[in-house]
$ cat protein_38.pdb   # PDB, C-alpha atoms
ATOM      1  CA  MET A   1     165.586  94.450 -45.323
ATOM      2  CA  SER A   2     167.200  94.469 -48.638
ATOM      3  CA  ASN A   3     165.329  93.252 -51.679
ATOM      4  CA  THR A   4     166.541  89.774 -50.951
ATOM      5  CA  ALA A   5     165.549  90.065 -47.349
ATOM      6  CA  HIS A   6     161.825  90.438 -47.729
ATOM      7  CA  GLY A   7     161.119  87.464 -49.812
ATOM      8  CA  GLN A   8     164.133  85.252 -49.645
ATOM      9  CA  MET A   9     166.372  86.141 -46.736
ATOM     10  CA  PRO A  10     167.019  82.806 -45.014
ATOM     11  CA  ASN A  11     165.467  82.544 -41.567
ATOM     12  CA  ARG A  12     168.782  81.341 -40.176
ATOM     13  CA  GLN A  13     170.540  84.441 -41.424
ATOM     14  CA  MET A  14     168.004  86.691 -39.733
ATOM     15  CA  THR A  15     168.184  84.675 -36.510
ATOM     16  CA  SER A  16     171.961  85.038 -36.443
ATOM     17  CA  GLY A  17     171.504  88.755 -37.069
ATOM     18  CA  ILE A  18     169.158  89.034 -34.070
ATOM     19  CA  VAL A  19     171.511  87.040 -31.828
ATOM     20  CA  PHE A  20     174.442  89.245 -32.872
ATOM     21  CA  THR A  21     172.381  92.332 -32.083
ATOM     22  CA  ILE A  22     171.381  91.079 -28.616
ATOM     23  CA  LEU A  23     175.019  90.314 -27.769
ATOM     24  CA  SER A  24     176.053  93.732 -29.013
ATOM     25  CA  GLY A  25     173.391  95.340 -26.800
ATOM     26  CA  LEU A  26     174.820  93.609 -23.727
ATOM     27  CA  SER A  27     178.298  94.779 -24.700
ATOM     28  CA  PHE A  28     177.150  98.380 -25.123
ATOM     29  CA  ALA A  29     175.422  98.295 -21.741
ATOM     30  CA  LEU A  30     178.528  97.032 -19.959
ATOM     31  CA  SER A  31     180.731  99.532 -21.761
ATOM     32  CA  GLY A  32     178.402 102.398 -20.833
ATOM     33  CA  PHE A  33     178.452 101.252 -17.233
ATOM     34  CA  LEU A  34     182.271 101.401 -17.200
ATOM     35  CA  ALA A  35     182.227 104.786 -18.969
ATOM     36  CA  ASN A  36     179.927 106.095 -16.249
ATOM     37  CA  HIS A  37     182.518 105.212 -13.601
ATOM     38  CA  LEU A  38     185.329 106.911 -15.513
ATOM     39  CA  VAL A  39     183.454 110.192 -16.035
ATOM     40  CA  ASP A  40     182.244 110.095 -12.419
ATOM     41  CA  ASP A  41     185.948 110.092 -11.495
ATOM     42  CA  GLY A  42     186.278 113.399 -13.356
ATOM     43  CA  ARG A  43     187.523 112.157 -16.744
ATOM     44  CA  PRO A  44     186.209 114.228 -19.663
ATOM     45  CA  GLY A  45     183.727 112.204 -21.716
ATOM     46  CA  VAL A  46     185.335 113.121 -25.023
ATOM     47  CA  ILE A  47     188.742 111.898 -23.831
ATOM     48  CA  VAL A  48     187.221 108.630 -22.618
ATOM     49  CA  GLY A  49     185.568 108.181 -26.023
ATOM     50  CA  PHE A  50     188.835 108.993 -27.806
ATOM     51  CA  TYR A  51     190.904 106.387 -25.963
ATOM     52  CA  GLU A  52     188.111 103.848 -26.123
ATOM     53  CA  SER A  53     187.979 104.232 -29.906
ATOM     54  CA  LEU A  54     191.785 104.075 -30.109
ATOM     55  CA  PHE A  55     191.796 100.683 -28.414
ATOM     56  CA  GLY A  56     188.735  99.738 -30.448
ATOM     57  CA  VAL A  57     190.385 100.283 -33.818
ATOM     58  CA  ALA A  58     193.465  98.314 -32.724
ATOM     59  CA  LEU A  59     191.307  95.407 -31.562
ATOM     60  CA  VAL A  60     189.058  95.427 -34.642
ATOM     61  CA  LEU A  61     192.108  95.422 -36.911
ATOM     62  CA  ALA A  62     193.678  92.614 -34.881
ATOM     63  CA  VAL A  63     190.527  90.500 -35.022
ATOM     64  CA  ASN A  64     189.994  91.097 -38.748
ATOM     65  CA  VAL A  65     193.584  91.307 -39.966
ATOM     66  CA  ARG A  66     193.085  88.605 -42.592
ATOM     67  CA  GLN A  67     189.857  90.055 -43.948
ATOM     68  CA  LEU A  68     191.249  93.578 -44.154
ATOM     69  CA  GLY A  69     194.617  92.386 -45.462
ATOM     70  CA  GLY A  70     193.648  92.599 -49.124
ATOM     71  CA  ARG A  71     192.424  95.700 -50.871
ATOM     72  CA  PRO A  72     188.870  96.227 -49.596
ATOM     73  CA  GLN A  73     186.171  96.845 -52.192
ATOM     74  CA  VAL A  74     184.494 100.131 -51.338
ATOM     75  CA  THR A  75     182.274 102.135 -53.658
ATOM     76  CA  ARG A  76     182.415 105.920 -53.784
ATOM     77  CA  SER A  77     178.942 106.317 -52.315
ATOM     78  CA  ALA A  78     179.901 103.960 -49.465
ATOM     79  CA  VAL A  79     182.764 106.315 -48.577
ATOM     80  CA  LEU A  80     180.275 109.179 -48.257
ATOM     81  CA  TRP A  81     177.930 107.150 -46.034
ATOM     82  CA  ILE A  82     180.835 105.905 -43.902
ATOM     83  CA  THR A  83     181.934 109.511 -43.338
ATOM     84  CA  LEU A  84     178.422 110.560 -42.346
ATOM     85  CA  ALA A  85     178.085 107.542 -40.064
ATOM     86  CA  ALA A  86     181.388 108.407 -38.380
ATOM     87  CA  ALA A  87     180.190 111.986 -37.820
ATOM     88  CA  GLY A  88     176.997 110.637 -36.252
ATOM     89  CA  PHE A  89     178.803 108.163 -34.012
ATOM     90  CA  ALA A  90     181.489 110.669 -32.944
ATOM     91  CA  THR A  91     178.760 113.153 -31.997
ATOM     92  CA  ALA A  92     176.927 110.425 -30.109
ATOM     93  CA  PHE A  93     179.934 109.179 -28.153
ATOM     94  CA  GLY A  94     181.168 112.667 -27.279
ATOM     95  CA  SER A  95     177.717 113.870 -26.219
ATOM     96  CA  PHE A  96     176.712 110.807 -24.244
ATOM     97  CA  TYR A  97     179.946 110.420 -22.325
ATOM     98  CA  THR A  98     179.889 114.143 -21.499
ATOM     99  CA  ALA A  99     176.253 113.798 -20.409
ATOM    100  CA  LEU A 100     177.193 110.988 -18.016
ATOM    101  CA  SER A 101     179.109 113.461 -15.856
ATOM    102  CA  ARG A 102     175.825 115.359 -15.339
ATOM    103  CA  ILE A 103     173.187 112.636 -15.050
ATOM    104  CA  ASP A 104     173.010 109.083 -13.682
ATOM    105  CA  PHE A 105     173.672 106.289 -16.125
ATOM    106  CA  SER A 106     170.251 104.827 -15.264
ATOM    107  CA  VAL A 107     168.667 108.077 -16.504
ATOM    108  CA  GLY A 108     170.803 108.575 -19.615
ATOM    109  CA  ALA A 109     170.808 105.001 -20.900
ATOM    110  CA  PRO A 110     166.995 104.668 -21.199
ATOM    111  CA  ILE A 111     166.792 107.863 -23.251
ATOM    112  CA  LEU A 112     169.016 106.142 -25.801
ATOM    113  CA  GLY A 113     166.214 103.616 -26.189
ATOM    114  CA  ALA A 114     164.627 106.165 -28.531
ATOM    115  CA  VAL A 115     167.406 105.479 -31.061
ATOM    116  CA  PRO A 116     165.182 103.053 -33.057
ATOM    117  CA  MET A 117     162.582 105.762 -33.706
ATOM    118  CA  VAL A 118     165.261 108.141 -34.944
ATOM    119  CA  SER A 119     166.570 105.331 -37.133
ATOM    120  CA  TYR A 120     163.060 104.695 -38.510
ATOM    121  CA  VAL A 121     162.747 108.321 -39.570
ATOM    122  CA  PHE A 122     166.010 108.037 -41.478
ATOM    123  CA  VAL A 123     164.999 104.619 -42.866
ATOM    124  CA  LEU A 124     161.860 106.196 -44.349
ATOM    125  CA  PHE A 125     163.977 108.662 -46.297
ATOM    126  CA  LEU A 126     167.201 106.801 -47.009
ATOM    127  CA  LEU A 127     166.326 103.104 -47.183
ATOM    128  CA  ARG A 128     162.995 103.273 -48.958
ATOM    129  CA  GLY A 129     162.750 100.180 -51.146
ATOM    130  CA  GLU A 130     165.579  98.474 -49.292
ATOM    131  CA  GLU A 131     164.034  98.077 -45.849
ATOM    132  CA  HIS A 132     160.384  97.811 -44.893
ATOM    133  CA  ILE A 133     158.730  98.972 -41.659
ATOM    134  CA  THR A 134     155.698  96.747 -41.008
ATOM    135  CA  PRO A 135     152.893  97.914 -38.661
ATOM    136  CA  ARG A 136     153.887  95.220 -36.196
ATOM    137  CA  THR A 137     157.516  96.326 -36.278
ATOM    138  CA  LEU A 138     156.394  99.884 -35.677
ATOM    139  CA  LEU A 139     154.231  98.756 -32.720
ATOM    140  CA  GLY A 140     157.130  96.879 -31.175
ATOM    141  CA  ALA A 141     159.512  99.797 -31.616
ATOM    142  CA  THR A 142     156.902 102.203 -30.202
ATOM    143  CA  LEU A 143     156.493 100.052 -27.075
ATOM    144  CA  VAL A 144     160.263 100.065 -26.618
ATOM    145  CA  VAL A 145     160.337 103.843 -26.858
ATOM    146  CA  VAL A 146     157.314 104.246 -24.539
ATOM    147  CA  GLY A 147     158.938 101.986 -21.959
ATOM    148  CA  VAL A 148     162.146 103.921 -22.265
ATOM    149  CA  GLY A 149     160.193 107.178 -21.991
ATOM    150  CA  ILE A 150     158.477 106.068 -18.764
ATOM    151  CA  ILE A 151     161.830 105.184 -17.262
ATOM    152  CA  GLY A 152     163.399 108.432 -18.419
ATOM    153  CA  VAL A 153     160.593 110.689 -17.127
ATOM    154  CA  THR A 154     160.045 108.959 -13.797
ATOM    155  CA  SER A 155     163.747 108.708 -13.027
TER     156      SER A 155
ATOM    157  CA  MET B   1     167.945 127.309  -3.724
ATOM    158  CA  HIS B   2     170.845 128.345  -5.914
ATOM    159  CA  SER B   3     172.470 124.924  -5.741
ATOM    160  CA  THR B   4     169.126 123.295  -6.590
ATOM    161  CA  SER B   5     168.765 125.339  -9.776
ATOM    162  CA  THR B   6     172.413 124.672 -10.677
ATOM    163  CA  ARG B   7     171.868 120.949 -10.270
ATOM    164  CA  SER B   8     168.659 121.173 -12.278
ATOM    165  CA  SER B   9     170.391 122.933 -15.166
ATOM    166  CA  ARG B  10     173.201 120.350 -15.053
ATOM    167  CA  VAL B  11     170.635 117.569 -15.335
ATOM    168  CA  GLU B  12     168.825 119.384 -18.165
ATOM    169  CA  LEU B  13     172.109 119.777 -20.050
ATOM    170  CA  GLY B  14     172.870 116.110 -19.447
ATOM    171  CA  ILE B  15     169.498 115.084 -20.869
ATOM    172  CA  ALA B  16     169.911 117.448 -23.840
ATOM    173  CA  LEU B  17     173.331 115.954 -24.606
ATOM    174  CA  THR B  18     171.845 112.459 -24.364
ATOM    175  CA  LEU B  19     169.148 113.445 -26.862
ATOM    176  CA  VAL B  20     171.874 114.704 -29.210
ATOM    177  CA  ALA B  21     173.600 111.338 -28.771
ATOM    178  CA  THR B  22     170.301 109.586 -29.555
ATOM    179  CA  VAL B  23     170.006 111.426 -32.872
ATOM    180  CA  GLY B  24     173.692 110.761 -33.604
ATOM    181  CA  TRP B  25     173.345 107.023 -33.034
ATOM    182  CA  GLY B  26     169.982 106.775 -34.784
ATOM    183  CA  ALA B  27     171.231 108.534 -37.896
ATOM    184  CA  GLY B  28     174.648 106.860 -37.728
ATOM    185  CA  ASP B  29     173.030 103.403 -37.766
ATOM    186  CA  VAL B  30     171.175 104.132 -40.990
ATOM    187  CA  PHE B  31     174.194 105.803 -42.620
ATOM    188  CA  ALA B  32     176.270 102.750 -41.696
ATOM    189  CA  ARG B  33     173.600 100.412 -43.074
ATOM    190  CA  LYS B  34     173.496 102.451 -46.276
ATOM    191  CA  SER B  35     177.271 102.201 -46.665
ATOM    192  CA  MET B  36     177.075  98.397 -46.355
ATOM    193  CA  PHE B  37     175.563  98.226 -49.833
ATOM    194  CA  GLY B  38     179.000  99.270 -51.121
ATOM    195  CA  ALA B  39     181.414  97.853 -48.545
ATOM    196  CA  SER B  40     181.749  94.967 -46.085
ATOM    197  CA  ALA B  41     180.593  95.441 -42.494
ATOM    198  CA  THR B  42     184.171  95.096 -41.247
ATOM    199  CA  THR B  43     185.510  97.679 -43.702
ATOM    200  CA  VAL B  44     182.724 100.076 -42.729
ATOM    201  CA  LEU B  45     183.490  99.629 -39.044
ATOM    202  CA  ALA B  46     187.289  99.981 -39.364
ATOM    203  CA  SER B  47     186.933 103.147 -41.486
ATOM    204  CA  MET B  48     184.304 104.551 -39.178
ATOM    205  CA  ILE B  49     186.302 104.079 -35.982
ATOM    206  CA  THR B  50     189.301 105.798 -37.563
ATOM    207  CA  LEU B  51     187.168 108.804 -38.507
ATOM    208  CA  THR B  52     185.533 108.775 -35.080
ATOM    209  CA  ILE B  53     188.961 108.897 -33.393
ATOM    210  CA  ILE B  54     189.947 111.891 -35.528
ATOM    211  CA  ALA B  55     186.676 113.704 -34.750
ATOM    212  CA  LEU B  56     186.850 113.010 -30.996
ATOM    213  CA  GLY B  57     190.538 113.971 -30.964
ATOM    214  CA  ILE B  58     189.846 117.350 -32.562
ATOM    215  CA  VAL B  59     186.855 118.046 -30.284
ATOM    216  CA  GLY B  60     188.866 116.936 -27.244
ATOM    217  CA  LEU B  61     191.714 119.305 -28.147
ATOM    218  CA  PHE B  62     189.313 122.231 -28.421
ATOM    219  CA  LEU B  63     187.229 121.442 -25.320
ATOM    220  CA  GLU B  64     189.782 120.005 -22.910
ATOM    221  CA  GLY B  65     193.209 121.017 -24.283
ATOM    222  CA  PRO B  66     196.205 118.779 -25.036
ATOM    223  CA  SER B  67     196.965 118.148 -21.358
ATOM    224  CA  ALA B  68     193.752 116.132 -20.954
ATOM    225  CA  PHE B  69     195.131 113.483 -23.317
ATOM    226  CA  GLY B  70     198.219 113.006 -21.139
ATOM    227  CA  ALA B  71     196.468 112.801 -17.785
ATOM    228  CA  ILE B  72     196.026 109.031 -17.882
ATOM    229  CA  ASP B  73     197.106 106.143 -15.672
ATOM    230  CA  LEU B  74     197.296 102.370 -16.006
ATOM    231  CA  ARG B  75     193.889 101.800 -14.435
ATOM    232  CA  PHE B  76     192.289 104.208 -16.908
ATOM    233  CA  LEU B  77     194.038 102.506 -19.834
ATOM    234  CA  GLY B  78     192.930  99.094 -18.611
ATOM    235  CA  VAL B  79     189.307 100.144 -18.315
ATOM    236  CA  VAL B  80     189.184 101.904 -21.718
ATOM    237  CA  ALA B  81     190.841  98.861 -23.311
ATOM    238  CA  ILE B  82     187.981  96.714 -21.994
ATOM    239  CA  MET B  83     185.498  99.366 -23.126
ATOM    240  CA  GLY B  84     187.114  99.478 -26.582
ATOM    241  CA  SER B  85     186.653  95.742 -26.883
ATOM    242  CA  LEU B  86     183.048  95.858 -25.641
ATOM    243  CA  THR B  87     181.967  98.842 -27.728
ATOM    244  CA  TRP B  88     183.754  98.226 -30.991
ATOM    245  CA  VAL B  89     184.434  94.481 -31.221
ATOM    246  CA  THR B  90     181.615  92.674 -29.406
ATOM    247  CA  GLY B  91     179.421  95.795 -29.653
ATOM    248  CA  ASN B  92     179.561  97.522 -33.010
ATOM    249  CA  LEU B  93     181.185  94.714 -34.997
ATOM    250  CA  LEU B  94     178.459  92.264 -33.946
ATOM    251  CA  TYR B  95     175.802  94.936 -34.383
ATOM    252  CA  PHE B  96     176.966  95.758 -37.912
ATOM    253  CA  HIS B  97     176.967  92.088 -38.857
ATOM    254  CA  GLY B  98     173.552  91.772 -37.213
ATOM    255  CA  MET B  99     172.293  94.815 -39.092
ATOM    256  CA  LYS B 100     173.589  93.422 -42.385
ATOM    257  CA  ARG B 101     171.762  90.124 -41.785
ATOM    258  CA  ALA B 102     168.497  91.281 -40.166
ATOM    259  CA  GLY B 103     168.292  94.869 -41.439
ATOM    260  CA  VAL B 104     168.349  98.052 -39.402
ATOM    261  CA  THR B 105     164.545  97.951 -39.062
ATOM    262  CA  ILE B 106     164.747  94.844 -36.850
ATOM    263  CA  ALA B 107     168.204  95.343 -35.345
ATOM    264  CA  ALA B 108     167.833  98.942 -34.139
ATOM    265  CA  PRO B 109     164.816  98.356 -31.842
ATOM    266  CA  ILE B 110     166.376  95.200 -30.399
ATOM    267  CA  LEU B 111     169.450  97.231 -29.565
ATOM    268  CA  GLY B 112     167.039  99.712 -27.994
ATOM    269  CA  ALA B 113     166.524  97.142 -25.248
ATOM    270  CA  ALA B 114     170.129  97.642 -24.139
ATOM    271  CA  PRO B 115     168.964 100.067 -21.418
ATOM    272  CA  LEU B 116     167.408  97.085 -19.660
ATOM    273  CA  ALA B 117     170.825  95.535 -19.250
ATOM    274  CA  ALA B 118     172.240  98.952 -18.390
ATOM    275  CA  ILE B 119     169.627  99.505 -15.672
ATOM    276  CA  THR B 120     170.273  96.056 -14.247
ATOM    277  CA  LEU B 121     173.996  96.781 -14.073
ATOM    278  CA  ALA B 122     173.375 100.189 -12.505
ATOM    279  CA  ILE B 123     171.102  98.624  -9.854
ATOM    280  CA  VAL B 124     173.174  95.536  -9.086
ATOM    281  CA  PHE B 125     176.676  96.997  -9.248
ATOM    282  CA  GLY B 126     176.158 100.753  -9.152
ATOM    283  CA  GLY B 127     173.897 100.886  -6.090
ATOM    284  CA  GLU B 128     171.240 102.895  -7.942
ATOM    285  CA  ASP B 129     167.672 102.537  -6.656
ATOM    286  CA  PRO B 130     164.864 101.942  -9.211
ATOM    287  CA  ASN B 131     161.274 103.048  -8.565
ATOM    288  CA  PRO B 132     158.214 100.999  -9.645
ATOM    289  CA  TRP B 133     157.849 103.080 -12.806
ATOM    290  CA  VAL B 134     161.287 101.941 -13.931
ATOM    291  CA  LEU B 135     160.163  98.347 -13.548
ATOM    292  CA  LEU B 136     156.925  99.064 -15.487
ATOM    293  CA  GLY B 137     158.969 100.708 -18.251
ATOM    294  CA  ALA B 138     161.236  97.666 -18.344
ATOM    295  CA  VAL B 139     158.233  95.336 -18.761
ATOM    296  CA  ILE B 140     156.885  97.449 -21.659
ATOM    297  CA  ILE B 141     160.294  97.409 -23.332
ATOM    298  CA  VAL B 142     160.457  93.629 -23.071
ATOM    299  CA  LEU B 143     156.943  93.388 -24.565
ATOM    300  CA  GLY B 144     157.986  95.604 -27.486
ATOM    301  CA  ILE B 145     161.090  93.536 -28.129
ATOM    302  CA  GLY B 146     158.971  90.379 -28.017
ATOM    303  CA  ILE B 147     156.679  91.763 -30.727
ATOM    304  CA  LEU B 148     159.653  92.739 -32.873
ATOM    305  CA  MET B 149     161.262  89.352 -32.586
ATOM    306  CA  THR B 150     158.092  87.492 -33.511
ATOM    307  CA  ASP B 151     157.501  89.834 -36.462
ATOM    308  CA  ARG B 152     160.550  88.567 -38.289
ATOM    309  CA  ASN B 153     158.592  85.572 -39.654
ATOM    310  CA  ARG B 154     155.961  87.878 -41.166
ATOM    311  CA  ALA B 155     158.721  89.857 -42.795
ATOM    312  CA  LEU B 156     159.993  86.685 -44.383
ATOM    313  CA  GLU B 157     156.700  85.738 -45.968
TER     314      GLU B 157
END

$ encode --input "protein_38.pdb" --output "structure tokens"
Amino acid sequence: MSNTAHGQMPNRQMTSGIVFTILSGLSFALSGFLANHLVDDGRPGVIVGFYESLFGVALVLAVNVRQLGGRPQVTRSAVLWITLAAAGFATAFGSFYTALSRIDFSVGAPILGAVPMVSYVFVLFLLRGEEHITPRTLLGATLVVVGVGIIGVTS
Amino acid sequence: MHSTSTRSSRVELGIALTLVATVGWGAGDVFARKSMFGASATTVLASMITLTIIALGIVGLFLEGPSAFGAIDLRFLGVVAIMGSLTWVTGNLLYFHGMKRAGVTIAAPILGAAPLAAITLAIVFGGEDPNPWVLLGAVIIVLGIGILMTDRNRALE
């Protein structure tokens, strides 16, 4: 959480953030399920990711045309982080969709459940002072990863 | 014997690629969160998708060749259009707004529960058969998510 988050972030704001995240998780799951069918049909994962992102940018621009209409305020450091984030996401999409042609979706998807732990490692280095990992948060995230690990290994 | 080892190495490569994807998404989430201190969530997302398209386009050209981009039909376009909406609009756009409001520390593990929905879809619609361990793993994931969601009040103290 940002500095405002820890002491003063309104509960409602955090609740809306959690609801948004749950809905996004359902969307990702459905999208991955569809991607699995496309790569099972012999489509290269990278090409699927490319066209998916092409439609994605058109839809995001259409949905947010008013907000993006003016000149967006972006700091120089934000540009750097956006570029790094794009590199991370491009690697992820390309790798995962290619992986789906080799393994079942029910095997690959649970492995992605370890994403929070990877994020926590980066949070420790990059968001120190801005976000805080409580012991309880760490326990919850660990259980998620353990559950995901059990599914991944036994599948 | 030979086909068994070939299948095994295919599966190993698939798992290795998924692990690479895990690192990519895990790091990408934090980079995106970091960028939100200097830009709106929507601006971050729009810029990021554009860069992602360029990166995937270049990699696709090298790995698959230009012909792979032309080998598409209406059904494919329809499905990727739905996927584009699910991944980038209701997926990443909502996730980025969620991350901006709740922080990546809370949002990332909740998103980690997405495999539960994925497994359900794979079982119900994909005909995949789960073993009891999968169900145990699912219960543990739900427990972890429950702890995370109830921790938010402590974080607000």

$ closest_residue --input "protein_38.pdb" --among "B:Ser67, B:Gly137, B:Val142, B:Ile82" --to "chain A" --atoms "all atoms listed in the file"
B:Gly137

$ residues_around --input "protein_38.pdb" --residues "Ile58 of chain B" --least-positions-apart "4" --cutoff "12 Å" --atoms "only C-alpha atoms" --output "list in words"
Val46, Ile47, Phe50, Ala90, Thr91 and Gly94 of chain A; Leu51, Thr52, Ile53, Ile54, Phe62, Leu63, Glu64, Gly65, Pro66 and Phe69 of chain B

$ residues_around --input "protein_38.pdb" --residues "Gly149 of chain A" --least-positions-apart "2" --cutoff "9 Å" --atoms "all atoms listed in the file" --output "ChimeraX atom specification"
/A:110-111,113-114,144-147,151-154 /B:137

$ closest_residue --input "protein_38.pdb" --among "B:Gly84, B:Gly60, B:Gly144, B:Gly103" --to "Asp29 of chain B" --atoms "all atoms listed in the file"
B:Gly103

$ atom_distance --input "protein_38.pdb" --atom1 "atom CA of Ile103 of chain A" --atom2 "atom CA of Ser53 of chain A"
22.6 Å

$ closest_residue --input "protein_38.pdb" --among "A:Ala62, A:Val19, A:Ala35, A:Ala92" --to "chain B" --atoms "all atoms listed in the file"
A:Ala92

$ atom_distance --input "protein_38.pdb" --atom1 "atom CA of Leu34 of chain A" --atom2 "atom CA of Met83 of chain B"
7.0 Å

$ resolve_selection --input "protein_38.pdb" --expression "the PyMOL selection byres ((chain A and resi 140) around 7)" --output "PyMOL selection string"
(chain A and resi 136-139+141-144) or (chain B and resi 144-145+147-148)

$ closest_residue --input "protein_38.pdb" --among "B:Val79, B:Leu143, B:Ala32, B:Ala122" --to "Val123 of chain A" --atoms "all atoms listed in the file"
B:Ala32

$ atom_distance --input "protein_38.pdb" --atom1 "atom CA of Leu17 of chain B" --atom2 "atom CA of Leu86 of chain B"
22.3 Å

$ closest_residue --input "protein_38.pdb" --among "B:Ser9, B:Ser40, B:Ala46, B:Ala27" --to "Arg101 of chain B" --atoms "all atoms listed in the file"
B:Ser40

$ closest_residue --input "protein_38.pdb" --among "B:His97, B:Gly112, B:Thr43, B:Met149" --to "Asn64 of chain A" --atoms "all atoms listed in the file"
B:Thr43

$ residues_near_point --input "protein_38.pdb" --point "(175.3, 112.4, -28.7)" --cutoff "12 Å" --atoms "all atoms listed in the file" --output "PyMOL selection string"
(chain A and resi 45-46+49+87-100+108-109+111-112+115) or (chain B and resi 13-28+56)

$ residues_around --input "protein_38.pdb" --residues "Thr42 of chain B" --least-positions-apart "6" --cutoff "12 Å" --atoms "all atoms listed in the file" --output "compact mmCIF listing (two decimals) with C-alpha atoms, in the coordinates of the input"
# COMPACT_ATOMS: atom_id res chain seq x y z
CA VAL A 57 190.38 100.28 -33.82
CA VAL A 60 189.06 95.43 -34.64
CA LEU A 61 192.11 95.42 -36.91
CA ALA A 62 193.68 92.61 -34.88
CA VAL A 63 190.53 90.50 -35.02
CA ASN A 64 189.99 91.10 -38.75
CA VAL A 65 193.58 91.31 -39.97
CA ARG A 66 193.08 88.60 -42.59
CA GLN A 67 189.86 90.06 -43.95
CA LEU A 68 191.25 93.58 -44.15
CA GLY A 69 194.62 92.39 -45.46
CA PRO A 72 188.87 96.23 -49.60
CA GLN A 73 186.17 96.84 -52.19
CA VAL A 74 184.49 100.13 -51.34
CA ILE A 82 180.84 105.90 -43.90
CA ALA B 32 176.27 102.75 -41.70
CA ARG B 33 173.60 100.41 -43.07
CA SER B 35 177.27 102.20 -46.66
CA MET B 36 177.08 98.40 -46.36
CA MET B 48 184.30 104.55 -39.18
CA ILE B 49 186.30 104.08 -35.98
CA TRP B 88 183.75 98.23 -30.99
CA VAL B 89 184.43 94.48 -31.22
CA ASN B 92 179.56 97.52 -33.01
CA LEU B 93 181.18 94.71 -35.00
CA LEU B 94 178.46 92.26 -33.95
CA TYR B 95 175.80 94.94 -34.38
CA PHE B 96 176.97 95.76 -37.91
CA HIS B 97 176.97 92.09 -38.86
CA GLY B 98 173.55 91.77 -37.21
CA LYS B 100 173.59 93.42 -42.38

$ build_atoms --input "protein_38.pdb" --residues "segment 6-17 of chain B" --atoms "N, CA, C and O atoms" --output "PDB file, keeping the file's coordinate frame"
ATOM      1  N   THR B   6     171.197 125.052  -9.960  1.00  0.00           N
ATOM      2  CA  THR B   6     172.413 124.672 -10.677  1.00  0.00           C
ATOM      3  C   THR B   6     172.379 123.186 -11.024  1.00  0.00           C
ATOM      4  O   THR B   6     172.695 122.782 -12.135  1.00  0.00           O
ATOM      5  N   ARG B   7     171.948 122.384 -10.029  1.00  0.00           N
ATOM      6  CA  ARG B   7     171.868 120.949 -10.270  1.00  0.00           C
ATOM      7  C   ARG B   7     170.833 120.655 -11.356  1.00  0.00           C
ATOM      8  O   ARG B   7     171.061 119.815 -12.225  1.00  0.00           O
ATOM      9  N   SER B   8     169.706 121.381 -11.288  1.00  0.00           N
ATOM     10  CA  SER B   8     168.659 121.173 -12.278  1.00  0.00           C
ATOM     11  C   SER B   8     169.156 121.487 -13.688  1.00  0.00           C
ATOM     12  O   SER B   8     168.891 120.734 -14.632  1.00  0.00           O
ATOM     13  N   SER B   9     169.906 122.587 -13.827  1.00  0.00           N
ATOM     14  CA  SER B   9     170.391 122.933 -15.166  1.00  0.00           C
ATOM     15  C   SER B   9     171.455 121.945 -15.639  1.00  0.00           C
ATOM     16  O   SER B   9     171.575 121.659 -16.822  1.00  0.00           O
ATOM     17  N   ARG B  10     172.223 121.389 -14.687  1.00  0.00           N
ATOM     18  CA  ARG B  10     173.201 120.350 -15.053  1.00  0.00           C
ATOM     19  C   ARG B  10     172.490 119.115 -15.591  1.00  0.00           C
ATOM     20  O   ARG B  10     172.911 118.518 -16.581  1.00  0.00           O
ATOM     21  N   VAL B  11     171.397 118.741 -14.900  1.00  0.00           N
ATOM     22  CA  VAL B  11     170.635 117.569 -15.335  1.00  0.00           C
ATOM     23  C   VAL B  11     170.001 117.826 -16.706  1.00  0.00           C
ATOM     24  O   VAL B  11     170.035 116.972 -17.592  1.00  0.00           O
ATOM     25  N   GLU B  12     169.445 119.047 -16.874  1.00  0.00           N
ATOM     26  CA  GLU B  12     168.825 119.384 -18.165  1.00  0.00           C
ATOM     27  C   GLU B  12     169.851 119.318 -19.292  1.00  0.00           C
ATOM     28  O   GLU B  12     169.572 118.808 -20.375  1.00  0.00           O
ATOM     29  N   LEU B  13     171.057 119.835 -19.029  1.00  0.00           N
ATOM     30  CA  LEU B  13     172.109 119.777 -20.050  1.00  0.00           C
ATOM     31  C   LEU B  13     172.484 118.324 -20.341  1.00  0.00           C
ATOM     32  O   LEU B  13     172.686 117.934 -21.499  1.00  0.00           O
ATOM     33  N   GLY B  14     172.550 117.524 -19.273  1.00  0.00           N
ATOM     34  CA  GLY B  14     172.870 116.110 -19.447  1.00  0.00           C
ATOM     35  C   GLY B  14     171.840 115.407 -20.314  1.00  0.00           C
ATOM     36  O   GLY B  14     172.188 114.625 -21.205  1.00  0.00           O
ATOM     37  N   ILE B  15     170.561 115.707 -20.075  1.00  0.00           N
ATOM     38  CA  ILE B  15     169.498 115.084 -20.869  1.00  0.00           C
ATOM     39  C   ILE B  15     169.546 115.589 -22.311  1.00  0.00           C
ATOM     40  O   ILE B  15     169.387 114.817 -23.259  1.00  0.00           O
ATOM     41  N   ALA B  16     169.813 116.888 -22.482  1.00  0.00           N
ATOM     42  CA  ALA B  16     169.911 117.448 -23.840  1.00  0.00           C
ATOM     43  C   ALA B  16     171.061 116.790 -24.614  1.00  0.00           C
ATOM     44  O   ALA B  16     170.905 116.426 -25.789  1.00  0.00           O
ATOM     45  N   LEU B  17     172.192 116.608 -23.944  1.00  0.00           N
ATOM     46  CA  LEU B  17     173.331 115.954 -24.606  1.00  0.00           C
ATOM     47  C   LEU B  17     173.000 114.506 -24.961  1.00  0.00           C
ATOM     48  O   LEU B  17     173.408 114.001 -26.014  1.00  0.00           O
TER      49      LEU B  17
END
